[in-house]
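File shown: entry37.pdb (PDB, C-alpha atoms).
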MODEL        1
ATOM      1  CA  MET A   1     -17.405 175.796 -14.239
ATOM      2  CA  SER A   2     -17.022 175.575 -18.024
ATOM      3  CA  PHE A   3     -15.890 178.056 -20.641
ATOM      4  CA  SER A   4     -16.948 178.082 -24.279
ATOM      5  CA  ARG A   5     -13.522 179.401 -25.256
ATOM      6  CA  LYS A   6     -10.307 177.764 -24.153
ATOM      7  CA  LEU A   7      -7.624 180.289 -23.239
ATOM      8  CA  ASP A   8      -3.861 180.480 -23.211
ATOM      9  CA  ILE A   9      -3.104 181.419 -19.611
ATOM     10  CA  LEU A  10       0.193 182.406 -18.030
ATOM     11  CA  VAL A  11       0.340 181.538 -14.316
ATOM     12  CA  LEU A  12       2.984 183.521 -12.430
ATOM     13  CA  CYS A  13       4.310 182.076  -9.183
ATOM     14  CA  GLY A  14       7.389 182.097  -6.965
ATOM     15  CA  GLY A  15       8.647 185.654  -6.688
ATOM     16  CA  PRO A  16      11.274 187.201  -4.408
ATOM     17  CA  GLY A  17       9.476 187.350  -1.045
ATOM     18  CA  CYS A  18       9.458 185.213   2.075
ATOM     19  CA  GLU A  19       6.223 183.576   0.880
ATOM     20  CA  ARG A  20       7.925 182.135  -2.216
ATOM     21  CA  GLN A  21       7.321 178.485  -1.361
ATOM     22  CA  VAL A  22       3.634 179.136  -0.671
ATOM     23  CA  SER A  23       3.409 180.956  -3.998
ATOM     24  CA  LEU A  24       4.982 178.074  -5.928
ATOM     25  CA  ALA A  25       2.459 175.682  -4.389
ATOM     26  CA  SER A  26      -0.397 178.084  -5.149
ATOM     27  CA  GLY A  27       0.693 178.500  -8.743
ATOM     28  CA  GLY A  28       0.861 174.764  -9.268
ATOM     29  CA  CYS A  29      -2.604 174.284  -7.821
ATOM     30  CA  VAL A  30      -4.138 177.051  -9.941
ATOM     31  CA  ALA A  31      -2.422 175.726 -13.070
ATOM     32  CA  ALA A  32      -3.786 172.235 -12.400
ATOM     33  CA  ALA A  33      -7.328 173.589 -12.003
ATOM     34  CA  LEU A  34      -7.085 175.609 -15.203
ATOM     35  CA  ARG A  35      -5.751 172.644 -17.178
ATOM     36  CA  GLN A  36      -8.559 170.476 -15.837
ATOM     37  CA  ALA A  37     -10.971 173.099 -17.161
ATOM     38  CA  GLY A  38      -9.415 172.654 -20.596
ATOM     39  CA  HIS A  39      -7.209 175.736 -20.823
ATOM     40  CA  ARG A  40      -3.653 175.820 -22.117
ATOM     41  CA  VAL A  41      -1.403 176.856 -19.247
ATOM     42  CA  THR A  42       2.192 178.003 -18.915
ATOM     43  CA  GLU A  43       3.764 178.373 -15.469
ATOM     44  CA  ALA A  44       6.575 180.867 -14.941
ATOM     45  CA  ASP A  45       8.605 182.361 -12.111
ATOM     46  CA  ILE A  46       9.069 186.120 -12.018
ATOM     47  CA  ASN A  47      10.828 188.738  -9.910
ATOM     48  CA  PRO A  48      11.626 192.471 -10.197
ATOM     49  CA  ASP A  49      15.027 191.745 -11.759
ATOM     50  CA  ASP A  50      13.704 189.324 -14.362
ATOM     51  CA  LEU A  51      10.412 190.192 -16.039
ATOM     52  CA  SER A  52      11.060 188.016 -19.063
ATOM     53  CA  ALA A  53       8.084 185.789 -18.170
ATOM     54  CA  LEU A  54       5.867 188.601 -19.466
ATOM     55  CA  ASP A  55       7.634 188.474 -22.833
ATOM     56  CA  GLU A  56       5.613 186.309 -25.229
ATOM     57  CA  LYS A  57       8.848 185.471 -27.073
ATOM     58  CA  LYS A  58       9.868 183.487 -23.990
ATOM     59  CA  SER A  59       6.555 182.322 -22.525
ATOM     60  CA  GLY A  60       4.626 181.986 -25.767
ATOM     61  CA  HIS A  61       1.293 183.622 -26.552
ATOM     62  CA  PHE A  62      -1.060 184.154 -23.648
ATOM     63  CA  ASP A  63      -4.518 185.672 -23.475
ATOM     64  CA  ILE A  64      -4.381 186.540 -19.795
ATOM     65  CA  VAL A  65      -2.089 186.328 -16.766
ATOM     66  CA  PHE A  66      -3.088 184.661 -13.493
ATOM     67  CA  PRO A  67      -0.650 186.055 -10.874
ATOM     68  CA  MET A  68      -0.157 183.925  -7.761
ATOM     69  CA  ILE A  69       2.799 185.762  -6.241
ATOM     70  CA  HIS A  70       2.189 186.300  -2.525
ATOM     71  CA  GLY A  71       3.668 189.062  -0.422
ATOM     72  CA  THR A  72       6.401 191.359  -1.700
ATOM     73  CA  PHE A  73       6.242 192.302  -5.395
ATOM     74  CA  GLY A  74       3.247 190.148  -6.305
ATOM     75  CA  GLU A  75       0.662 191.217  -3.746
ATOM     76  CA  ASP A  76       1.692 194.808  -3.035
ATOM     77  CA  GLY A  77       0.780 196.275  -6.425
ATOM     78  CA  GLN A  78       4.240 196.281  -8.003
ATOM     79  CA  LEU A  79       3.601 193.431 -10.428
ATOM     80  CA  GLN A  80       0.090 194.674 -11.172
ATOM     81  CA  GLU A  81       1.400 198.126 -12.054
ATOM     82  CA  ILE A  82       3.956 196.643 -14.440
ATOM     83  CA  MET A  83       1.247 194.632 -16.188
ATOM     84  CA  GLU A  84      -1.033 197.666 -16.379
ATOM     85  CA  GLN A  85       1.739 199.718 -17.956
ATOM     86  CA  ARG A  86       2.326 196.965 -20.511
ATOM     87  CA  GLY A  87      -1.359 196.572 -21.291
ATOM     88  CA  VAL A  88      -1.378 192.970 -20.041
ATOM     89  CA  ARG A  89      -4.751 191.535 -18.993
ATOM     90  CA  PHE A  90      -4.615 189.803 -15.626
ATOM     91  CA  VAL A  91      -6.814 188.193 -12.998
ATOM     92  CA  GLY A  92      -7.211 189.854  -9.624
ATOM     93  CA  SER A  93      -7.185 193.301  -8.116
ATOM     94  CA  ASN A  94      -5.526 196.246  -9.833
ATOM     95  CA  SER A  95      -2.361 197.903  -8.558
ATOM     96  CA  ARG A  96      -4.130 200.472  -6.388
ATOM     97  CA  SER A  97      -6.330 197.949  -4.588
ATOM     98  CA  SER A  98      -3.433 195.528  -4.194
ATOM     99  CA  ARG A  99      -1.284 198.218  -2.548
ATOM    100  CA  LEU A 100      -4.149 199.178  -0.258
ATOM    101  CA  ALA A 101      -4.880 195.594   0.798
ATOM    102  CA  MET A 102      -1.199 194.937   1.511
ATOM    103  CA  ASP A 103      -0.933 198.071   3.680
ATOM    104  CA  LYS A 104      -2.691 196.890   6.830
ATOM    105  CA  PHE A 105      -2.912 200.344   8.412
ATOM    106  CA  GLN A 106      -4.414 202.029   5.345
ATOM    107  CA  SER A 107      -6.823 199.151   4.758
ATOM    108  CA  LYS A 108      -8.080 199.572   8.321
ATOM    109  CA  LYS A 109      -8.953 203.172   7.480
ATOM    110  CA  ALA A 110     -10.909 201.948   4.453
ATOM    111  CA  PHE A 111     -12.789 199.400   6.579
ATOM    112  CA  GLU A 112     -13.688 202.020   9.169
ATOM    113  CA  LYS A 113     -14.822 204.451   6.485
ATOM    114  CA  VAL A 114     -17.614 202.062   5.452
ATOM    115  CA  GLY A 115     -18.568 201.270   9.042
ATOM    116  CA  LEU A 116     -16.758 197.953   9.528
ATOM    117  CA  LEU A 117     -15.154 197.019  12.824
ATOM    118  CA  THR A 118     -11.418 196.341  12.828
ATOM    119  CA  PRO A 119      -9.040 196.012  15.790
ATOM    120  CA  LYS A 120      -7.596 199.328  16.967
ATOM    121  CA  ALA A 121      -3.988 199.787  15.915
ATOM    122  CA  GLU A 122      -1.086 202.207  15.996
ATOM    123  CA  LEU A 123       1.437 202.415  13.163
ATOM    124  CA  ILE A 124       5.114 202.621  14.088
ATOM    125  CA  GLU A 125       7.328 203.745  11.222
ATOM    126  CA  ARG A 126      10.954 202.689  11.114
ATOM    127  CA  SER A 127      12.060 206.145   9.971
ATOM    128  CA  LYS A 128      10.252 208.075  12.716
ATOM    129  CA  PRO A 129      10.126 206.440  16.173
ATOM    130  CA  ARG A 130      12.923 208.557  17.658
ATOM    131  CA  MET A 131      11.414 211.769  16.324
ATOM    132  CA  VAL A 132       8.305 211.493  18.485
ATOM    133  CA  CYS A 133       9.890 210.430  21.773
ATOM    134  CA  GLY A 134      12.928 212.584  22.301
ATOM    135  CA  GLY A 135      15.321 210.028  20.864
ATOM    136  CA  ASN A 136      14.329 207.112  23.104
ATOM    137  CA  SER A 137      12.663 204.523  20.901
ATOM    138  CA  ASP A 138      11.705 202.228  23.801
ATOM    139  CA  GLU A 139       9.835 205.103  25.416
ATOM    140  CA  CYS A 140       8.078 205.632  22.100
ATOM    141  CA  PHE A 141       7.039 201.993  21.868
ATOM    142  CA  GLY A 142       5.900 202.078  25.473
ATOM    143  CA  ALA A 143       3.779 205.155  24.809
ATOM    144  CA  VAL A 144       2.058 203.320  21.965
ATOM    145  CA  LEU A 145       1.438 200.319  24.200
ATOM    146  CA  ASP A 146      -0.164 202.579  26.783
ATOM    147  CA  GLU A 147      -2.894 203.281  24.211
ATOM    148  CA  LEU A 148      -3.708 199.565  23.954
ATOM    149  CA  SER A 149      -4.128 196.931  26.629
ATOM    150  CA  LEU A 150      -2.088 193.744  26.875
ATOM    151  CA  PRO A 151      -2.004 191.276  25.313
ATOM    152  CA  CYS A 152      -1.490 193.019  21.996
ATOM    153  CA  VAL A 153      -0.493 191.959  18.500
ATOM    154  CA  ILE A 154       2.677 193.154  16.772
ATOM    155  CA  LYS A 155       2.784 192.568  13.041
ATOM    156  CA  PRO A 156       4.612 193.905   9.966
ATOM    157  CA  ASN A 157       2.465 196.449   8.175
ATOM    158  CA  ALA A 158       3.033 194.864   4.768
ATOM    159  CA  GLN A 159       3.538 191.108   4.978
ATOM    160  CA  GLY A 160       1.213 188.159   4.536
ATOM    161  CA  SER A 161       0.822 184.570   5.784
ATOM    162  CA  SER A 162       1.200 185.782   9.398
ATOM    163  CA  VAL A 163       4.923 186.308   8.773
ATOM    164  CA  GLY A 164       6.494 188.148  11.697
ATOM    165  CA  VAL A 165       3.325 188.264  13.828
ATOM    166  CA  VAL A 166       3.753 188.143  17.617
ATOM    167  CA  ILE A 167       1.072 188.078  20.319
ATOM    168  CA  ALA A 168       2.730 189.768  23.283
ATOM    169  CA  ALA A 169       1.394 189.254  26.790
ATOM    170  CA  GLN A 170       4.077 191.302  28.551
ATOM    171  CA  ARG A 171       5.192 194.884  27.983
ATOM    172  CA  GLU A 172       8.869 193.938  27.611
ATOM    173  CA  GLN A 173       7.975 191.226  25.090
ATOM    174  CA  ALA A 174       5.926 193.723  23.086
ATOM    175  CA  ILE A 175       8.719 196.319  23.008
ATOM    176  CA  SER A 176      11.206 193.656  21.890
ATOM    177  CA  ALA A 177       8.826 192.435  19.172
ATOM    178  CA  VAL A 178       8.327 195.979  17.868
ATOM    179  CA  ARG A 179      12.067 196.555  17.751
ATOM    180  CA  ASP A 180      12.619 193.286  15.864
ATOM    181  CA  ALA A 181       9.785 193.977  13.407
ATOM    182  CA  LEU A 182      11.147 197.429  12.568
ATOM    183  CA  VAL A 183      14.560 195.980  11.799
ATOM    184  CA  GLU A 184      13.319 192.968   9.840
ATOM    185  CA  TYR A 185      10.256 194.290   8.010
ATOM    186  CA  GLY A 186      10.108 198.085   8.246
ATOM    187  CA  ASN A 187       6.893 199.704   9.474
ATOM    188  CA  CYS A 188       4.831 197.674  11.921
ATOM    189  CA  LEU A 189       1.486 197.732  13.688
ATOM    190  CA  VAL A 190       0.768 197.427  17.374
ATOM    191  CA  GLU A 191      -2.784 196.117  17.294
ATOM    192  CA  GLU A 192      -5.523 195.471  19.808
ATOM    193  CA  PHE A 193      -5.888 191.774  20.612
ATOM    194  CA  ILE A 194      -9.423 190.515  20.060
ATOM    195  CA  ASP A 195     -10.261 187.358  21.981
ATOM    196  CA  GLY A 196     -12.659 185.339  19.869
ATOM    197  CA  ARG A 197     -13.184 182.827  17.091
ATOM    198  CA  GLU A 198     -11.501 183.249  13.727
ATOM    199  CA  PHE A 199     -13.511 183.020  10.525
ATOM    200  CA  THR A 200     -12.499 183.345   6.910
ATOM    201  CA  VAL A 201     -14.521 183.926   3.749
ATOM    202  CA  GLY A 202     -13.310 183.571   0.189
ATOM    203  CA  ILE A 203     -14.622 185.828  -2.542
ATOM    204  CA  VAL A 204     -14.702 184.479  -6.104
ATOM    205  CA  GLY A 205     -16.236 186.413  -8.965
ATOM    206  CA  GLY A 206     -17.734 188.925  -6.555
ATOM    207  CA  GLN A 207     -19.616 186.262  -4.575
ATOM    208  CA  ALA A 208     -18.911 185.212  -0.997
ATOM    209  CA  LEU A 209     -18.097 181.531  -0.469
ATOM    210  CA  PRO A 210     -19.399 179.602   2.564
ATOM    211  CA  VAL A 211     -18.050 180.748   5.931
ATOM    212  CA  LEU A 212     -15.252 178.684   7.460
ATOM    213  CA  GLU A 213     -14.175 178.742  11.069
ATOM    214  CA  VAL A 214     -10.436 178.308  11.507
ATOM    215  CA  ARG A 215      -9.370 176.293  14.555
ATOM    216  CA  PRO A 216      -5.599 175.990  14.942
ATOM    217  CA  ALA A 217      -4.285 173.470  17.447
ATOM    218  CA  GLU A 218      -2.207 176.212  19.035
ATOM    219  CA  ARG A 219      -3.431 179.588  20.219
ATOM    220  CA  PHE A 220      -2.459 181.440  17.075
ATOM    221  CA  TYR A 221      -3.162 180.780  13.376
ATOM    222  CA  ASP A 222       0.431 181.402  12.282
ATOM    223  CA  TYR A 223       2.473 180.371   9.232
ATOM    224  CA  ARG A 224       2.954 176.859  10.602
ATOM    225  CA  ALA A 225      -0.765 176.392  11.278
ATOM    226  CA  LYS A 226      -1.630 177.674   7.799
ATOM    227  CA  TYR A 227       0.793 175.699   5.658
ATOM    228  CA  LEU A 228       2.733 173.082   7.630
ATOM    229  CA  ALA A 229       0.505 171.645  10.350
ATOM    230  CA  ASP A 230      -2.008 168.875   9.729
ATOM    231  CA  ASP A 231      -3.988 169.556  12.898
ATOM    232  CA  THR A 232      -5.577 172.883  11.917
ATOM    233  CA  GLY A 233      -9.347 172.560  11.679
ATOM    234  CA  TYR A 234     -11.483 174.226   8.988
ATOM    235  CA  ILE A 235     -15.057 173.933  10.190
ATOM    236  CA  PHE A 236     -18.274 174.563   8.248
ATOM    237  CA  ASP A 237     -20.559 173.533  11.095
ATOM    238  CA  SER A 238     -19.543 176.345  13.445
ATOM    239  CA  GLY A 239     -22.801 176.344  15.371
ATOM    240  CA  LEU A 240     -23.742 179.849  14.205
ATOM    241  CA  SER A 241     -27.228 180.558  12.905
ATOM    242  CA  GLY A 242     -27.949 181.164   9.234
ATOM    243  CA  GLU A 243     -28.454 184.846   9.985
ATOM    244  CA  GLU A 244     -25.091 185.075  11.755
ATOM    245  CA  LEU A 245     -23.322 183.330   8.872
ATOM    246  CA  ASP A 246     -25.027 185.634   6.362
ATOM    247  CA  ASN A 247     -23.800 188.610   8.393
ATOM    248  CA  ILE A 248     -20.196 187.371   8.247
ATOM    249  CA  GLN A 249     -20.454 186.917   4.475
ATOM    250  CA  GLU A 250     -21.880 190.424   4.095
ATOM    251  CA  ILE A 251     -19.036 191.889   6.154
ATOM    252  CA  ALA A 252     -16.492 189.997   4.057
ATOM    253  CA  LEU A 253     -17.971 191.267   0.808
ATOM    254  CA  CYS A 254     -18.146 194.808   2.176
ATOM    255  CA  ALA A 255     -14.448 194.654   3.134
ATOM    256  CA  PHE A 256     -13.610 193.346  -0.348
ATOM    257  CA  LEU A 257     -15.503 196.191  -2.018
ATOM    258  CA  SER A 258     -14.161 198.846   0.374
ATOM    259  CA  LEU A 259     -10.668 198.280  -1.047
ATOM    260  CA  GLY A 260     -11.895 198.207  -4.643
ATOM    261  CA  CYS A 261     -10.869 194.576  -5.082
ATOM    262  CA  ARG A 262     -11.963 192.430  -8.005
ATOM    263  CA  ASP A 263     -12.196 188.765  -9.012
ATOM    264  CA  LEU A 264     -10.985 186.952  -5.900
ATOM    265  CA  ALA A 265      -9.706 187.416  -2.365
ATOM    266  CA  ARG A 266      -9.910 185.964   1.124
ATOM    267  CA  ILE A 267     -11.126 187.987   4.089
ATOM    268  CA  ASP A 268      -9.991 187.047   7.596
ATOM    269  CA  MET A 269     -12.137 188.041  10.595
ATOM    270  CA  ILE A 270     -12.483 187.592  14.349
ATOM    271  CA  ARG A 271     -15.859 187.231  16.098
ATOM    272  CA  ASP A 272     -15.646 188.188  19.755
ATOM    273  CA  THR A 273     -17.640 186.732  22.642
ATOM    274  CA  ALA A 274     -20.288 189.446  22.227
ATOM    275  CA  GLY A 275     -20.857 188.494  18.584
ATOM    276  CA  ARG A 276     -19.070 191.505  17.079
ATOM    277  CA  VAL A 277     -17.169 190.720  13.881
ATOM    278  CA  TYR A 278     -13.849 192.472  13.302
ATOM    279  CA  VAL A 279     -12.124 192.500   9.908
ATOM    280  CA  LEU A 280      -8.428 191.620  10.170
ATOM    281  CA  GLU A 281      -7.285 191.797   6.558
ATOM    282  CA  VAL A 282      -8.017 191.130   2.906
ATOM    283  CA  ASN A 283      -5.669 188.767   1.056
ATOM    284  CA  THR A 284      -5.208 189.361  -2.695
ATOM    285  CA  PRO A 285      -4.670 186.835  -4.098
ATOM    286  CA  PRO A 286      -5.307 184.225  -1.417
ATOM    287  CA  PRO A 287      -2.957 181.241  -1.395
ATOM    288  CA  SER A 288      -4.654 178.370  -3.189
ATOM    289  CA  GLU A 289      -3.447 176.068  -0.406
ATOM    290  CA  SER A 290      -5.783 177.835   1.995
ATOM    291  CA  PRO A 291      -9.245 177.650   3.573
ATOM    292  CA  CYS A 292     -10.647 178.833   0.236
ATOM    293  CA  GLN A 293     -10.268 175.283  -1.135
ATOM    294  CA  PRO A 294     -12.885 173.493   0.990
ATOM    295  CA  ALA A 295     -15.170 176.522   0.806
ATOM    296  CA  TYR A 296     -14.960 176.565  -2.986
ATOM    297  CA  ARG A 297     -15.695 172.859  -3.156
ATOM    298  CA  ALA A 298     -18.672 173.357  -0.845
ATOM    299  CA  SER A 299     -20.066 175.982  -3.195
ATOM    300  CA  ASN A 300     -19.973 173.378  -6.003
ATOM    301  CA  GLY A 301     -16.773 174.781  -7.460
ATOM    302  CA  ASN A 302     -14.004 172.589  -8.825
ATOM    303  CA  TRP A 303     -10.634 172.566  -7.078
ATOM    304  CA  PRO A 304      -8.490 169.575  -7.983
ATOM    305  CA  CYS A 305      -5.676 169.910  -5.446
TER
ENDMDL
END
What is this structure when it is put down as C-alpha cells?
Amino acid sequence: MSFSRKLDILVLCGGPGCERQVSLASGGCVAAALRQAGHRVTEADINPDDLSALDEKKSGHFDIVFPMIHGTFGEDGQLQEIMEQRGVRFVGSNSRSSRLAMDKFQSKKAFEKVGLLTPKAELIERSKPRMVCGGNSDECFGAVLDELSLPCVIKPNAQGSSVGVVIAAQREQAISAVRDALVEYGNCLVEEFIDGREFTVGIVGGQALPVLEVRPAERFYDYRAKYLADDTGYIFDSGLSGEELDNIQEIALCAFLSLGCRDLARIDMIRDTAGRVYVLEVNTPPPSESPCQPAYRASNGNWPC
C-alpha cells in the first residue's frame, strides 16, 4: 500500500494494563510498517497519569495518532475519549465503540440485536452478588451455573488477550474461578462453552481479511498460546468450502459493524460441529503480533514483522 503524502504519525504503546508487554511489541511492529511505507514515526508510552505524549511540544508535530494500547485505558475508550476531547485525529474505533467492544456482555447484546449467534452468558457484578442471593455469594454463583451446563467459561467482562479466562469442568472449580475473577478483575461472565473450531478474521479498512483457523497445541487458546508458544497453528487451508469461508467473513464484518467500529479490528469466532458460527468478541485494536499478520500478508498487504 502506498500513500501520495507522507505523514507524521505518533504511535502510542505500552500503557498501564496487564497487556503492556503485548502493546509494546504491537507498537514496535506498527511503527516499523509505517516507516517502511515512508512515514515519519514517533513512538511513545502513555498512561492516565502521564498524557504528555499527546503534547506536540514533547512528541513533536504529528498529523495523526495510531494507538496500540491493549486492554485497560487504551482499548476501553478512555484514551479515545481524551483524544476526541482534544481534537486529535486517530486511527481506530471511537470512544463509544471501543467501550462497547471491551464490555463483553454489552457487545453480546449488540451481536444478538443484528441476529448473530454468540455463546449464552450471565453477568456477575462484583458489587451485587450478595444482593440477589440472600447474602450467600456461593449460592448466587451456583444459581448462575444452573442456567448453563458444564463445562462453562469464566472470564473477566473487560479484559483482553484471554487474561483471567478459565474453562471449568466442575461446579466447585467454576465457583472458585468466579470468586477469583470478581476479586482480581471486577465484573465477570459465566459463559456457555461451545465445543468447536476457533476461527479469526481481521478487518482492515472495512474489508475482511482471509479466514484463519487457530489451532493451539493445548485445549485453550490462552495468553501463552497467543504470545509465548511456538506451537500454535494458524491455518488457511481449514478444509471449509468457499461458501463457508465467505459466511465466516460476512459474520465477522457484521460483528464489526454492529459495534460501530472503524478502520481495523479482529473478530474471534467458534464454529460448532453443526456448522453454526458463534461470535466471541471483537478486538480493537488487535495486537499486531496476532493472527492478523499472516492474513494481511495473504491479502497482499505489507507487514514487515
Apply the PyMOL selection byres ((chain A and resi 67) around 7) to the structure shown and report the selected residues as a PyMOL selection string.
chain A and resi 11-13+65-66+68-69+91
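Taking atom CA of Gln80 of chain A and atom CA of Thr42 of chain A as endpoints, the distance between them is 18.5 Å.
Of the residues listed (A:Ser127, A:Ser149, A:Ser238, A:Ser107), A:Ser107 shows the shortest atom-to-atom separation from Val282 of chain A; distances use all atoms listed in the file.
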Give me the residues within 9 Å of Asn247 of chain A as a list in words, counting all atoms listed in the file and dropping any in the same chain fewer than 5 places off.
Gly242, Ala252 and Val277 of chain A
First collect every listed atom of segment 75-91 of chain A; then fit an axis-aligned box around them, widen it by 6 Å on each side, and give centre and edge lengths in Å to one decimal, as JSON.
{"center_x": -1.3, "center_y": 194.0, "center_z": -12.2, "size_x": 23.1, "size_y": 23.5, "size_z": 30.3}
For this structure, which residues satisfy the selection - the PyMOL selection byres ((chain A and resi 17-28) around 7) - when it is evaluated on the file as given? I want them as an NGL selection string.
:A and (11-16 or 29-32 or 68-72 or 287-289)
Run through the PyMOL selection byres ((chain A and resi 119-124) around 9) on the given coordinates and return the selected residues as a VMD selection string.
chain A and resid 105 108 117 to 118 125 to 129 141 144 to 145 147 to 148 153 157 178 182 186 to 194 278 to 280
Residues as selected, C-alpha atoms, written as a PDB file, in the coordinates of the input, can you do that?
ATOM      1  CA  PHE A 105      -2.912 200.344   8.412  1.00  0.00           C
ATOM      2  CA  LYS A 108      -8.080 199.572   8.321  1.00  0.00           C
ATOM      3  CA  LEU A 117     -15.154 197.019  12.824  1.00  0.00           C
ATOM      4  CA  THR A 118     -11.418 196.341  12.828  1.00  0.00           C
ATOM      5  CA  GLU A 125       7.328 203.745  11.222  1.00  0.00           C
ATOM      6  CA  ARG A 126      10.954 202.689  11.114  1.00  0.00           C
ATOM      7  CA  SER A 127      12.060 206.145   9.971  1.00  0.00           C
ATOM      8  CA  LYS A 128      10.252 208.075  12.716  1.00  0.00           C
ATOM      9  CA  PRO A 129      10.126 206.440  16.173  1.00  0.00           C
ATOM     10  CA  PHE A 141       7.039 201.993  21.868  1.00  0.00           C
ATOM     11  CA  VAL A 144       2.058 203.320  21.965  1.00  0.00           C
ATOM     12  CA  LEU A 145       1.438 200.319  24.200  1.00  0.00           C
ATOM     13  CA  GLU A 147      -2.894 203.281  24.211  1.00  0.00           C
ATOM     14  CA  LEU A 148      -3.708 199.565  23.954  1.00  0.00           C
ATOM     15  CA  VAL A 153      -0.493 191.959  18.500  1.00  0.00           C
ATOM     16  CA  ASN A 157       2.465 196.449   8.175  1.00  0.00           C
ATOM     17  CA  VAL A 178       8.327 195.979  17.868  1.00  0.00           C
ATOM     18  CA  LEU A 182      11.147 197.429  12.568  1.00  0.00           C
ATOM     19  CA  GLY A 186      10.108 198.085   8.246  1.00  0.00           C
ATOM     20  CA  ASN A 187       6.893 199.704   9.474  1.00  0.00           C
ATOM     21  CA  CYS A 188       4.831 197.674  11.921  1.00  0.00           C
ATOM     22  CA  LEU A 189       1.486 197.732  13.688  1.00  0.00           C
ATOM     23  CA  VAL A 190       0.768 197.427  17.374  1.00  0.00           C
ATOM     24  CA  GLU A 191      -2.784 196.117  17.294  1.00  0.00           C
ATOM     25  CA  GLU A 192      -5.523 195.471  19.808  1.00  0.00           C
ATOM     26  CA  PHE A 193      -5.888 191.774  20.612  1.00  0.00           C
ATOM     27  CA  ILE A 194      -9.423 190.515  20.060  1.00  0.00           C
ATOM     28  CA  TYR A 278     -13.849 192.472  13.302  1.00  0.00           C
ATOM     29  CA  VAL A 279     -12.124 192.500   9.908  1.00  0.00           C
ATOM     30  CA  LEU A 280      -8.428 191.620  10.170  1.00  0.00           C
TER      31      LEU A 280
END
Per residue of segment 165-247 of chain A within 7 Å of segment 269-276 of chain A, record the nearest atom pair and its distance in Å to one decimal, counting all atoms listed in the file, with rows in chain order and ascending residue number, as a Markdown table.
| residue | atom | partner | partner_atom | distance |
| --- | --- | --- | --- | --- |
| A:Ile194 | CA | A:Asp272 | CA | 6.7 |
| A:Asp195 | CA | A:Asp272 | CA | 5.9 |
| A:Gly196 | CA | A:Asp272 | CA | 4.1 |
| A:Arg197 | CA | A:Arg271 | CA | 5.2 |
| A:Glu198 | CA | A:Ile270 | CA | 4.5 |
| A:Phe199 | CA | A:Met269 | CA | 5.2 |
| A:Thr200 | CA | A:Met269 | CA | 6.0 |
Could I get the residues of segment 33-152 of chain A with an atom no further than 7 Å from an atom of segment 165-169 of chain A, each paired with its nearest atom pair and that distance in Å to one decimal, using only C-alpha atoms, sorted by chain and residue number, as JSON lines?
{"residue": "A:Leu150", "atom": "CA", "partner": "A:Ala169", "partner_atom": "CA", "distance": 5.7}
{"residue": "A:Pro151", "atom": "CA", "partner": "A:Ala169", "partner_atom": "CA", "distance": 4.2}
{"residue": "A:Cys152", "atom": "CA", "partner": "A:Ala168", "partner_atom": "CA", "distance": 5.5}
Please produce, as a tab-separated table, a per-residue contact table for segment 56-166 of chain A versus segment 43-51 of chain A (criterion: any atom at most 9 Å away, only C-alpha atoms considered), showing the nearest atom pair and its distance in Å to one decimal, sorted by chain then residue number.
residue	atom	partner	partner_atom	distance
A:Ser59	CA	A:Ala44	CA	7.7
A:Ile69	CA	A:Ile46	CA	8.5
A:Phe73	CA	A:Pro48	CA	7.2
A:Gly74	CA	A:Asn47	CA	8.5
A:Gln78	CA	A:Pro48	CA	8.6
A:Leu79	CA	A:Pro48	CA	8.1
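Atom CA of Arg266 of chain A is positioned 24.4 Å from atom CA of His39 of chain A.
Straight-line separation from atom CA of Glu250 of chain A to atom CA of Ala208 of chain A: 7.9 Å.
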Could you please give me, as number ranges by chain, the residues of protein, DNA or RNA lying at most 9 Å from (-10.2, 197.0, -1.8) in the coordinate frame of the file, considering only C-alpha atoms?
A: 93, 96-98, 100-101, 107, 110, 255-262, 282
